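Peer 1: I am sharing input19.txt, which consists of compact mmCIF, C-alpha atoms (C1' of nucleotides):
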```txt
# COMPACT_ATOMS: atom_id res chain seq x y z
CA MET M 1 19.70 82.50 90.27
CA SER M 2 19.05 85.78 92.17
CA GLU M 3 19.67 88.99 90.32
CA PRO M 4 20.53 91.94 92.56
CA LEU M 5 18.04 94.76 92.93
CA LYS M 6 18.70 97.84 90.81
CA ARG M 7 17.84 101.36 91.93
CA MET M 8 15.44 101.85 94.76
CA THR M 9 12.65 104.18 93.72
CA ARG M 10 9.51 105.43 95.38
CA GLN M 11 7.48 103.21 93.06
CA LYS M 12 9.37 100.03 93.86
CA VAL M 13 8.96 100.72 97.56
CA GLN M 14 5.25 101.23 97.09
CA VAL M 15 4.86 97.98 95.18
CA ARG M 16 6.91 96.08 97.69
CA ASP M 17 4.97 97.44 100.67
CA SER M 18 1.67 96.82 99.00
CA LEU M 19 2.69 93.28 98.22
CA GLU M 20 3.51 92.65 101.86
CA ARG M 21 0.16 94.01 102.93
CA GLN M 22 -1.62 91.30 100.95
CA PRO M 23 -2.63 88.15 102.84
CA GLY M 24 -1.79 85.89 99.92
CA PHE M 25 -1.13 85.91 96.20
CA ALA M 26 -2.19 88.93 94.21
CA SER M 27 -2.18 89.79 90.52
CA ALA M 28 -0.28 92.72 89.08
CA GLN M 29 -3.57 94.26 88.00
CA GLY M 30 -5.01 93.85 91.48
CA LEU M 31 -1.99 95.38 93.16
CA HIS M 32 -2.09 98.31 90.80
CA ALA M 33 -5.78 98.88 91.54
CA ALA M 34 -5.13 98.66 95.28
CA LEU M 35 -2.29 101.17 95.04
CA MET M 36 -4.30 103.63 92.99
CA SER M 37 -7.33 103.46 95.26
CA SER M 38 -5.12 104.11 98.27
CA GLY M 39 -4.02 107.35 96.69
CA ALA M 40 -0.73 106.35 95.09
CA THR M 41 0.13 107.40 91.57
CA ILE M 42 1.95 104.69 89.66
CA GLY M 43 1.73 103.30 86.17
CA LEU M 44 0.55 99.78 85.48
CA ALA M 45 3.66 98.96 83.45
CA THR M 46 5.78 100.05 86.39
CA VAL M 47 3.95 97.66 88.69
CA TYR M 48 4.70 94.83 86.28
CA ARG M 49 8.35 95.84 86.10
CA ALA M 50 8.70 96.13 89.86
CA LEU M 51 7.06 92.76 90.46
CA ASN M 52 9.26 91.03 87.92
CA GLU M 53 12.31 92.57 89.50
CA LEU M 54 11.28 91.49 92.97
CA ALA M 55 10.68 87.99 91.67
CA ALA M 56 14.07 87.91 89.93
CA ALA M 57 15.71 89.02 93.17
CA GLY M 58 14.03 86.19 95.06
CA LEU M 59 11.96 88.56 97.16
CA ALA M 60 8.66 87.49 95.67
CA ASP M 61 7.15 84.19 94.63
CA THR M 62 5.19 83.76 91.45
CA LEU M 63 2.71 81.20 90.29
CA GLN M 64 0.27 80.82 87.41
CA SER M 65 -3.36 80.87 88.45
CA PRO M 66 -5.61 78.29 86.78
CA SER M 67 -7.04 81.13 84.68
CA GLY M 68 -3.59 81.97 83.34
CA GLU M 69 -2.74 85.10 85.31
CA THR M 70 0.61 85.42 87.00
CA LEU M 71 0.20 85.87 90.74
CA PHE M 72 2.81 87.35 93.07
CA ARG M 73 3.42 87.12 96.78
CA GLY M 74 5.91 88.65 99.16
CA CYS M 75 8.14 85.81 100.19
CA SER M 76 9.30 85.35 103.75
CA THR M 77 11.16 82.06 103.48
CA THR M 78 14.08 82.40 101.15
CA GLY M 79 14.90 79.23 99.31
CA HIS M 80 12.79 76.50 97.85
CA HIS M 81 9.28 75.94 99.20
CA HIS M 82 5.70 75.26 98.22
CA HIS M 83 2.29 76.75 98.89
CA LEU M 84 -1.01 75.92 100.45
CA ILE M 85 -3.49 78.37 98.99
CA CYS M 86 -7.11 79.08 99.90
CA ARG M 87 -9.06 79.30 96.69
CA GLU M 88 -11.68 81.48 98.39
CA CYS M 89 -9.73 84.21 100.19
CA GLY M 90 -6.22 83.74 98.81
CA LEU M 91 -4.65 83.05 102.21
CA THR M 92 -1.32 81.37 101.66
CA VAL M 93 0.82 79.19 103.89
CA GLU M 94 4.35 78.25 102.92
CA VAL M 95 5.14 74.58 103.32
CA HIS M 96 8.07 72.34 102.52
CA SER M 97 8.91 68.69 102.67
CA GLU M 98 12.12 66.80 102.26
CA ILE M 99 10.13 63.73 101.33
CA VAL M 100 8.60 65.41 98.33
CA GLU M 101 11.93 66.88 97.23
CA GLU M 102 13.54 63.46 97.38
CA TRP M 103 10.71 61.83 95.54
CA ALA M 104 10.79 64.42 92.77
CA HIS M 105 14.50 63.91 92.21
CA LYS M 106 14.19 60.16 92.31
CA ALA M 107 11.29 60.10 89.85
CA ALA M 108 13.23 62.37 87.51
CA ALA M 109 16.41 60.31 87.73
CA GLU M 110 14.56 57.05 87.08
CA ASN M 111 13.35 58.47 83.80
CA GLY M 112 16.69 59.90 82.73
CA PHE M 113 15.82 63.50 83.46
CA THR M 114 18.41 65.99 84.69
CA ALA M 115 18.46 69.66 85.65
CA VAL M 116 15.07 69.29 87.25
CA GLY M 117 12.91 71.77 89.03
CA HIS M 118 9.34 71.36 90.11
CA VAL M 119 6.14 73.15 90.93
CA LEU M 120 3.85 71.98 93.70
CA ASP M 121 0.91 73.99 94.91
CA ILE M 122 -2.01 72.79 96.97
CA PHE M 123 -5.34 74.54 96.54
CA GLY M 124 -8.11 74.16 99.08
CA LEU M 125 -10.45 75.89 101.50
CA CYS M 126 -8.98 77.37 104.67
CA GLY M 127 -10.69 76.87 108.02
CA THR M 128 -12.17 80.35 108.13
CA CYS M 129 -13.69 80.13 104.69
CA ALA M 130 -15.04 76.63 105.36
CA ASP M 131 -16.78 77.92 108.51
CA SER M 132 -18.34 80.96 106.92
CA ARG M 133 -19.47 78.78 104.07
CA SER M 134 -21.29 76.17 106.17
CA SER M 135 -23.02 78.85 108.27
CA ARG M 136 -24.42 80.57 105.22
CA MET T 1 -16.48 66.08 86.99
CA SER T 2 -16.49 64.69 83.39
CA GLU T 3 -18.85 66.21 80.89
CA PRO T 4 -19.85 63.87 78.04
CA LEU T 5 -18.63 64.59 74.55
CA LYS T 6 -21.06 66.36 72.25
CA ARG T 7 -21.29 65.75 68.54
CA MET T 8 -18.40 64.13 66.78
CA THR T 9 -17.25 66.25 63.88
CA ARG T 10 -14.43 65.99 61.38
CA GLN T 11 -12.69 68.85 63.19
CA LYS T 12 -12.83 67.28 66.62
CA VAL T 13 -11.45 64.05 65.25
CA GLN T 14 -8.61 65.96 63.62
CA VAL T 15 -7.75 67.76 66.83
CA ARG T 16 -7.92 64.59 68.85
CA ASP T 17 -5.72 62.66 66.46
CA SER T 18 -3.24 65.47 66.21
CA LEU T 19 -3.08 65.68 69.98
CA GLU T 20 -2.25 61.99 70.21
CA ARG T 21 0.49 62.36 67.63
CA GLN T 22 2.32 64.81 69.90
CA PRO T 23 5.03 63.38 72.17
CA GLY T 24 4.10 65.70 75.04
CA PHE T 25 2.22 68.85 75.87
CA ALA T 26 1.31 71.17 73.05
CA SER T 27 -0.30 74.58 72.85
CA ALA T 28 -3.53 75.24 71.01
CA GLN T 29 -1.66 77.55 68.66
CA GLY T 30 0.95 74.89 68.00
CA LEU T 31 -1.62 72.21 67.29
CA HIS T 32 -3.45 74.52 64.93
CA ALA T 33 -0.23 75.27 63.08
CA ALA T 34 0.60 71.56 62.86
CA LEU T 35 -2.85 70.75 61.51
CA MET T 36 -2.75 73.48 58.91
CA SER T 37 0.72 72.58 57.68
CA SER T 38 -0.38 68.96 57.29
CA GLY T 39 -3.08 70.08 54.90
CA ALA T 40 -6.10 70.25 57.19
CA THR T 41 -8.49 73.18 57.09
CA ILE T 42 -9.70 74.16 60.53
CA GLY T 43 -10.23 77.42 62.35
CA LEU T 44 -8.14 78.41 65.33
CA ALA T 45 -11.21 79.06 67.46
CA THR T 46 -12.41 75.56 66.67
CA VAL T 47 -9.15 74.08 67.89
CA TYR T 48 -9.56 75.94 71.18
CA ARG T 49 -13.14 74.73 71.49
CA ALA T 50 -12.24 71.13 70.71
CA LEU T 51 -9.37 71.12 73.19
CA ASN T 52 -11.52 72.55 75.96
CA GLU T 53 -14.14 69.94 75.26
CA LEU T 54 -11.61 67.12 75.36
CA ALA T 55 -10.27 68.48 78.63
CA ALA T 56 -13.76 68.75 80.11
CA ALA T 57 -14.42 65.15 79.10
CA GLY T 58 -11.27 64.00 80.89
CA LEU T 59 -9.59 62.95 77.64
CA ALA T 60 -6.89 65.58 77.80
CA ASP T 61 -4.74 67.03 80.52
CA THR T 62 -4.03 70.71 80.77
CA LEU T 63 -1.36 72.70 82.52
CA GLN T 64 -0.14 76.28 82.50
CA SER T 65 3.32 76.74 81.04
CA PRO T 66 5.65 79.10 82.90
CA SER T 67 5.08 81.63 80.12
CA GLY T 68 1.35 81.58 80.73
CA GLU T 69 0.10 79.47 77.84
CA THR T 70 -2.32 76.64 78.42
CA LEU T 71 -0.81 73.36 77.25
CA PHE T 72 -2.78 70.24 76.37
CA ARG T 73 -1.90 66.59 76.18
CA GLY T 74 -3.75 63.45 75.22
CA CYS T 75 -4.17 61.58 78.46
CA SER T 76 -3.67 57.85 78.78
CA THR T 77 -4.02 57.31 82.50
CA THR T 78 -7.45 58.27 83.67
CA GLY T 79 -7.51 59.55 87.20
CA HIS T 80 -5.13 61.62 89.22
CA HIS T 81 -1.49 61.80 88.19
CA HIS T 82 1.44 64.16 87.71
CA HIS T 83 3.95 64.94 84.97
CA LEU T 84 7.62 64.88 84.26
CA ILE T 85 8.15 67.26 81.37
CA CYS T 86 11.22 67.94 79.24
CA ARG T 87 11.53 71.67 78.86
CA GLU T 88 13.45 71.25 75.62
CA CYS T 89 11.41 68.82 73.54
CA GLY T 90 8.18 68.60 75.53
CA LEU T 91 8.43 64.85 76.11
CA THR T 92 6.14 63.95 78.97
CA VAL T 93 6.05 61.02 81.36
CA GLU T 94 3.11 60.46 83.67
CA VAL T 95 4.10 59.71 87.24
CA HIS T 96 2.29 59.22 90.50
CA SER T 97 3.14 58.67 94.10
CA GLU T 98 1.11 57.71 97.13
CA ILE T 99 3.69 59.34 99.34
CA VAL T 100 3.16 62.71 97.78
CA GLU T 101 -0.62 62.37 97.89
CA GLU T 102 -0.51 61.52 101.56
CA TRP T 103 1.85 64.34 102.35
CA ALA T 104 -0.32 66.86 100.53
CA HIS T 105 -3.38 65.84 102.48
CA LYS T 106 -1.53 65.83 105.76
CA ALA T 107 0.00 69.28 105.16
CA ALA T 108 -3.44 70.62 104.24
CA ALA T 109 -5.12 69.10 107.28
CA GLU T 110 -2.48 70.42 109.65
CA ASN T 111 -3.29 73.93 108.50
CA GLY T 112 -7.04 73.55 108.66
CA PHE T 113 -7.53 73.28 104.91
CA THR T 114 -10.25 71.11 103.40
CA ALA T 115 -11.49 70.26 99.91
CA VAL T 116 -7.92 70.17 98.68
CA GLY T 117 -6.51 69.49 95.28
CA HIS T 118 -2.97 69.98 94.11
CA VAL T 119 -0.74 70.60 91.15
CA LEU T 120 2.66 68.96 90.84
CA ASP T 121 4.75 69.11 87.73
CA ILE T 122 8.43 68.43 87.37
CA PHE T 123 10.35 70.20 84.62
CA GLY T 124 13.76 69.03 83.49
CA LEU T 125 15.90 67.86 80.62
CA CYS T 126 15.27 64.39 79.23
CA GLY T 127 18.15 62.02 78.44
CA THR T 128 17.99 62.58 74.70
CA CYS T 129 18.05 66.36 74.96
CA ALA T 130 20.84 66.28 77.54
CA ASP T 131 22.95 64.16 75.15
CA SER T 132 22.40 66.31 72.10
CA ARG T 133 23.17 69.36 74.19
CA SER T 134 26.54 68.17 75.49
CA SER T 135 27.66 67.06 72.02
CA ARG T 136 26.94 70.48 70.57
C1' DT W 1 -34.41 62.33 53.18
C1' DC W 2 -35.60 66.32 56.08
C1' DC W 3 -35.34 69.23 60.34
C1' DT W 4 -33.32 71.33 63.83
C1' DA W 5 -30.08 72.50 66.94
C1' DA W 6 -25.13 72.14 67.59
C1' DT W 7 -20.98 73.46 65.29
C1' DT W 8 -17.95 75.95 62.39
C1' DG W 9 -14.95 79.77 60.82
C1' DA W 10 -13.56 84.48 59.98
C1' DC W 11 -13.02 88.26 62.51
C1' DA W 12 -13.88 91.36 66.34
C1' DA W 13 -13.23 91.84 71.17
C1' DT W 14 -11.03 91.08 75.45
C1' DG W 15 -7.50 90.75 78.95
C1' DA W 16 -2.95 90.27 80.49
C1' DT W 17 1.54 91.54 79.66
C1' DT W 18 5.37 93.81 77.21
C1' DC W 19 7.37 97.43 74.34
C1' DT W 20 8.46 102.35 72.98
C1' DC W 21 10.25 106.61 73.87
C1' DA W 22 10.42 111.15 75.69
C1' DA W 23 10.56 113.06 80.35
C1' DT W 24 12.15 112.32 85.05
C1' DA W 25 14.95 111.20 88.94
C1' DA W 26 18.55 107.98 91.50
C1' DA W 27 23.24 107.49 92.53
C1' DC W 28 27.69 108.84 92.05
C1' DA W 29 31.46 112.09 91.41
C1' DT W 30 32.93 116.73 91.65
C1' DA U 1 25.41 120.97 97.29
C1' DT U 2 25.39 120.60 92.28
C1' DG U 3 25.97 118.58 87.99
C1' DT U 4 26.26 114.40 85.08
C1' DT U 5 25.00 110.06 83.74
C1' DT U 6 22.06 106.48 83.11
C1' DA U 7 18.31 103.67 84.91
C1' DT U 8 13.53 104.30 85.54
C1' DT U 9 8.96 106.06 84.83
C1' DG U 10 4.40 106.55 82.61
C1' DA U 11 1.03 106.77 78.87
C1' DG U 12 -0.29 104.55 75.28
C1' DA U 13 0.63 101.47 71.44
C1' DA U 14 1.68 96.77 70.37
C1' DT U 15 1.50 91.84 71.12
C1' DC U 16 -0.17 87.37 72.35
C1' DA U 17 -3.32 83.96 73.87
C1' DT U 18 -7.92 83.20 74.27
C1' DT U 19 -12.99 83.91 73.92
C1' DG U 20 -17.24 85.97 71.89
C1' DT U 21 -20.26 86.95 67.73
C1' DC U 22 -23.08 85.52 64.19
C1' DA U 23 -24.31 83.96 59.66
C1' DA U 24 -23.50 79.71 57.09
C1' DT U 25 -22.91 74.78 57.52
C1' DT U 26 -23.68 70.05 59.06
C1' DA U 27 -24.31 65.93 62.33
C1' DG U 28 -27.79 62.93 63.92
C1' DG U 29 -32.19 61.68 64.87
C1' DA U 30 -37.25 61.55 63.09
```
Using structure tokens, write down the structure that the file contains.

Peer 2:
Amino acid sequence: MSEPLKRMTRQKVQVRDSLERQPGFASAQGLHAALMSSGATIGLATVYRALNELAAAGLADTLQSPSGETLFRGCSTTGHHHHLICRECGLTVEVHSEIVEEWAHKAAAENGFTAVGHVLDIFGLCGTCADSRSSR
Amino acid sequence: MSEPLKRMTRQKVQVRDSLERQPGFASAQGLHAALMSSGATIGLATVYRALNELAAAGLADTLQSPSGETLFRGCSTTGHHHHLICRECGLTVEVHSEIVEEWAHKAAAENGFTAVGHVLDIFGLCGTCADSRSSR
DNA sequence: TCCTAATTGACAATGATTCTCAATAAACAT
DNA sequence: ATGTTTATTGAGAATCATTGTCAATTAGGA
């Protein structure tokens, strides 16, 4: 399930570091823009390749934004987990729950499904954003 | 949250009927292809418009496929629910669970999040597809 | 039936992502 | 350290889903 990393290049290091500097999920386009404006020189296609490789190696999480972009995030917890994402600032908290895992498997089994995986992401407003919003 | 439907045209009826004929989620492109091959004449852009209108009216569910397409499905249960989706044939079962809802709200509250919503979809292999796969 | 504004459809435009391919640079062996 | 091999890079073209444009059409009410 986790492909090994290939060669380590300057560009992959840059993408990886930039990803870890982000507070939450970021798009490939956004990361590329951030890298370029901080003086790096790297091609957009290379950013996409590096991100996909990180994701394949299990070092980054991916999810589809409601608008259809693929978002990436440096991933601290290895293994299965879910996300709590602020829709205002992108802040992300990793969460997990045995209860949900069990329920998902049970629901699948009851309907004859096998080889199941699931996606669970919670979108909301983090405390900071809620505050700055009410005081506006 | 639910916009009313606008005018009822031949095209919207066709899209709606075609959507209900599908066993599970279908892409706009796929629905358009199905309509055309069954003799209908309808523009691709119109299919997109009709699907978005159905979704806005709460008559269709949408979700983002892992490959980034938007998928649509005629929606029987009104209100909040989740999906169990066969990744082979697209068969979809609507499921729901109080336990998961409660957990999602609790996890959000514990981290200071408000105004939360969530996405939960389970992908797997339905019984029929699992059978036809092992006998191949 | 007649009017008018919403809707359609063909195609252009957009936006994200992937592909192509010649030039470059890791990693390994000498 | 140097050369060899082969993955990787980057610029732009290509692709794919989706949305915008706008003249021609049509649903629905007067």

Peer 1: As a compact mmCIF listing (two decimals) with C-alpha atoms (C1' of nucleotides), in the coordinates of the input, please: the residues near W:DA12 (cut-off 12 Å, all atoms listed in the file, same-chain neighbours under 6 positions excluded).

Peer 2:
```
# COMPACT_ATOMS: atom_id res chain seq x y z
C1' DT U 19 -12.99 83.91 73.92
C1' DG U 20 -17.24 85.97 71.89
C1' DT U 21 -20.26 86.95 67.73
C1' DC U 22 -23.08 85.52 64.19
```

Peer 1: Select, as a ChimeraX atom specification, those residues of chain T with any atom no more than 10 Å from chain W (distances computed using only C-alpha atoms (C1' of nucleotides)).

Peer 2: /T:6-9,11,41-46,68

Peer 1: Looking at U:DC16, U:DG3, U:DG29, U:DT9, which one is nearest to chain M, with distances taken over all atoms listed in the file?

Peer 2: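 Comparing U:DC16, U:DG3, U:DG29, U:DT9 against chain M, the winner is U:DT9.
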
Peer 1: In Å, how far is it from atom CA of M:Leu19 to atom CA of T:Asn111?

Peer 2: 22.7 Å

Peer 1: Neighbours of T:Ser27 within 9 Å (only C-alpha atoms (C1' of nucleotides); same-chain residues fewer than 5 positions away dropped), as an mmCIF file with C-alpha atoms, keeping the file's coordinate frame?

Peer 2:
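Now in part-v1.cif:
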```cif
data_model
loop_
_atom_site.group_PDB
_atom_site.id
_atom_site.type_symbol
_atom_site.label_atom_id
_atom_site.label_comp_id
_atom_site.auth_asym_id
_atom_site.auth_seq_id
_atom_site.Cartn_x
_atom_site.Cartn_y
_atom_site.Cartn_z
ATOM 1 C CA HIS T 32 -3.450 74.520 64.930
ATOM 2 C CA GLU T 69 0.100 79.470 77.840
ATOM 3 C CA THR T 70 -2.320 76.640 78.420
ATOM 4 C CA LEU T 71 -0.810 73.360 77.250
ATOM 5 C CA PHE T 72 -2.780 70.240 76.370
ATOM 6 C CA ARG T 73 -1.900 66.590 76.180
#
```

Peer 1: Here is a test: counting all atoms listed in the file, which residue of T:Lys12, T:Cys129, T:Ser18, T:Gly112 is nearest to chain M?

Peer 2: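 For chain M, the nearest of the given residues is T:Gly112.
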
Peer 1: So how many Å separate atom CA of T:Leu31 and atom C1' of U:DT18, to one decimal?

Peer 2: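 Calculated distance between atom CA of T:Leu31 and atom C1' of U:DT18 is 14.5 Å.
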
Peer 1: For chain U, which residues have at least one atom within 12 Å of chain M, if we go by all atoms listed in the file? Write them as a compact mmCIF listing (two decimals) with C-alpha atoms (C1' of nucleotides), in the frame of the given file, please.

Peer 2:
```
# COMPACT_ATOMS: atom_id res chain seq x y z
C1' DT U 6 22.06 106.48 83.11
C1' DA U 7 18.31 103.67 84.91
C1' DT U 8 13.53 104.30 85.54
C1' DT U 9 8.96 106.06 84.83
C1' DG U 10 4.40 106.55 82.61
C1' DA U 11 1.03 106.77 78.87
C1' DG U 12 -0.29 104.55 75.28
C1' DA U 17 -3.32 83.96 73.87
C1' DT U 18 -7.92 83.20 74.27
```

Peer 1: Near chain T, which residues of chain M fall within 8 Å when you count all atoms listed in the file, and what do they look like as a PyMOL selection string?

Peer 2: chain M and resi 64+66+68-70+84+86+95+99-100+103-104+107-108+111-127+130

Peer 1: Could you check how far atom CA of T:Thr92 sits from atom CA of M:Asn52, in Å to one decimal?

Peer 2: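 Spanning atom CA of T:Thr92 to atom CA of M:Asn52 is a straight-line distance of 28.7 Å.
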
Peer 1: Once 5 Å is added on each side, what centre and edge lengths in Å to one decimal does the axis-aligned box around all listed atoms of stretch 96-109 of chain M have, as lines of an AutoDock Vina configuration file?

Peer 2:
```
center_x = 12.2
center_y = 66.2
center_z = 95.1
size_x = 18.3
size_y = 22.2
size_z = 25.2
```

Peer 1: Near M:Pro23, within 8 Å and counting all atoms listed in the file, which residues show up once chain neighbours fewer than 3 positions away are dropped, as a PyMOL selection string?

Peer 2: chain M and resi 20+90-92

Peer 1: Can you rebuild stretch 55-86 of chain T with N, CA and C atoms and give it as an mmCIF file, keeping the file's coordinate frame?

Peer 2:
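Result written to rebuild.cif:
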```
data_model
loop_
_atom_site.group_PDB
_atom_site.id
_atom_site.type_symbol
_atom_site.label_atom_id
_atom_site.label_comp_id
_atom_site.auth_asym_id
_atom_site.auth_seq_id
_atom_site.Cartn_x
_atom_site.Cartn_y
_atom_site.Cartn_z
ATOM 1 N N ALA T 55 -10.711 68.335 77.249
ATOM 2 C CA ALA T 55 -10.270 68.480 78.630
ATOM 3 C C ALA T 55 -11.436 68.291 79.596
ATOM 4 N N ALA T 56 -12.586 68.864 79.244
ATOM 5 C CA ALA T 56 -13.760 68.750 80.110
ATOM 6 C C ALA T 56 -14.235 67.300 80.190
ATOM 7 N N ALA T 57 -14.000 66.544 79.128
ATOM 8 C CA ALA T 57 -14.420 65.150 79.100
ATOM 9 C C ALA T 57 -13.388 64.238 79.765
ATOM 10 N N GLY T 58 -12.292 64.811 80.222
ATOM 11 C CA GLY T 58 -11.270 64.000 80.890
ATOM 12 C C GLY T 58 -10.360 63.281 79.918
ATOM 13 N N LEU T 59 -10.417 63.624 78.634
ATOM 14 C CA LEU T 59 -9.590 62.950 77.640
ATOM 15 C C LEU T 59 -8.292 63.682 77.381
ATOM 16 N N ALA T 60 -8.146 64.836 77.959
ATOM 17 C CA ALA T 60 -6.890 65.580 77.800
ATOM 18 C C ALA T 60 -6.526 66.224 79.128
ATOM 19 N N ASP T 61 -5.242 66.324 79.359
ATOM 20 C CA ASP T 61 -4.740 67.030 80.520
ATOM 21 C C ASP T 61 -4.390 68.449 80.125
ATOM 22 N N THR T 62 -4.476 69.353 81.054
ATOM 23 C CA THR T 62 -4.030 70.710 80.770
ATOM 24 C C THR T 62 -3.078 71.154 81.866
ATOM 25 N N LEU T 63 -2.197 72.056 81.516
ATOM 26 C CA LEU T 63 -1.360 72.700 82.520
ATOM 27 C C LEU T 63 -0.951 74.051 81.981
ATOM 28 N N GLN T 64 -0.563 74.945 82.890
ATOM 29 C CA GLN T 64 -0.140 76.280 82.500
ATOM 30 C C GLN T 64 1.371 76.282 82.357
ATOM 31 N N SER T 65 1.866 76.660 81.200
ATOM 32 C CA SER T 65 3.320 76.740 81.040
ATOM 33 C C SER T 65 3.815 77.945 81.824
ATOM 34 N N PRO T 66 5.113 77.960 82.159
ATOM 35 C CA PRO T 66 5.650 79.100 82.900
ATOM 36 C C PRO T 66 5.422 80.421 82.157
ATOM 37 N N SER T 67 5.299 80.387 80.856
ATOM 38 C CA SER T 67 5.080 81.630 80.120
ATOM 39 C C SER T 67 3.607 81.981 80.009
ATOM 40 N N GLY T 68 2.752 81.200 80.656
ATOM 41 C CA GLY T 68 1.350 81.580 80.730
ATOM 42 C C GLY T 68 0.425 80.963 79.697
ATOM 43 N N GLU T 69 0.971 80.151 78.789
ATOM 44 C CA GLU T 69 0.100 79.470 77.840
ATOM 45 C C GLU T 69 -0.558 78.269 78.509
ATOM 46 N N THR T 70 -1.703 77.887 77.988
ATOM 47 C CA THR T 70 -2.320 76.640 78.420
ATOM 48 C C THR T 70 -1.826 75.540 77.492
ATOM 49 N N LEU T 71 -1.296 74.475 78.066
ATOM 50 C CA LEU T 71 -0.810 73.360 77.250
ATOM 51 C C LEU T 71 -1.731 72.166 77.426
ATOM 52 N N PHE T 72 -1.885 71.388 76.359
ATOM 53 C CA PHE T 72 -2.780 70.240 76.370
ATOM 54 C C PHE T 72 -2.008 68.975 76.001
ATOM 55 N N ARG T 73 -2.533 67.856 76.486
ATOM 56 C CA ARG T 73 -1.900 66.590 76.180
ATOM 57 C C ARG T 73 -2.937 65.490 76.198
ATOM 58 N N GLY T 74 -2.892 64.628 75.220
ATOM 59 C CA GLY T 74 -3.750 63.450 75.220
ATOM 60 C C GLY T 74 -3.370 62.621 76.430
ATOM 61 N N CYS T 75 -4.348 62.079 77.118
ATOM 62 C CA CYS T 75 -4.170 61.580 78.460
ATOM 63 C C CYS T 75 -4.475 60.100 78.478
ATOM 64 N N SER T 76 -3.456 59.289 78.786
ATOM 65 C CA SER T 76 -3.670 57.850 78.780
ATOM 66 C C SER T 76 -4.228 57.366 80.109
ATOM 67 N N THR T 77 -3.564 57.725 81.187
ATOM 68 C CA THR T 77 -4.020 57.310 82.500
ATOM 69 C C THR T 77 -5.234 58.143 82.885
ATOM 70 N N THR T 78 -6.351 57.493 83.120
ATOM 71 C CA THR T 78 -7.450 58.270 83.670
ATOM 72 C C THR T 78 -7.236 58.337 85.161
ATOM 73 N N GLY T 79 -7.714 59.388 85.767
ATOM 74 C CA GLY T 79 -7.510 59.550 87.200
ATOM 75 C C GLY T 79 -6.359 60.487 87.495
ATOM 76 N N HIS T 80 -6.088 60.633 88.761
ATOM 77 C CA HIS T 80 -5.130 61.620 89.220
ATOM 78 C C HIS T 80 -3.684 61.195 88.944
ATOM 79 N N HIS T 81 -2.892 62.098 88.389
ATOM 80 C CA HIS T 81 -1.490 61.800 88.190
ATOM 81 C C HIS T 81 -0.720 63.098 87.958
ATOM 82 N N HIS T 82 0.597 62.978 87.891
ATOM 83 C CA HIS T 82 1.440 64.160 87.710
ATOM 84 C C HIS T 82 2.333 63.977 86.493
ATOM 85 N N HIS T 83 3.156 64.991 86.205
ATOM 86 C CA HIS T 83 3.950 64.940 84.970
ATOM 87 C C HIS T 83 5.407 65.287 85.177
ATOM 88 N N LEU T 84 6.188 64.649 84.344
ATOM 89 C CA LEU T 84 7.620 64.880 84.260
ATOM 90 C C LEU T 84 7.811 65.371 82.823
ATOM 91 N N ILE T 85 8.198 66.625 82.680
ATOM 92 C CA ILE T 85 8.150 67.260 81.370
ATOM 93 C C ILE T 85 9.533 67.772 80.957
ATOM 94 N N CYS T 86 9.957 67.418 79.751
ATOM 95 C CA CYS T 86 11.220 67.940 79.240
ATOM 96 C C CYS T 86 10.997 69.350 78.725
#
```
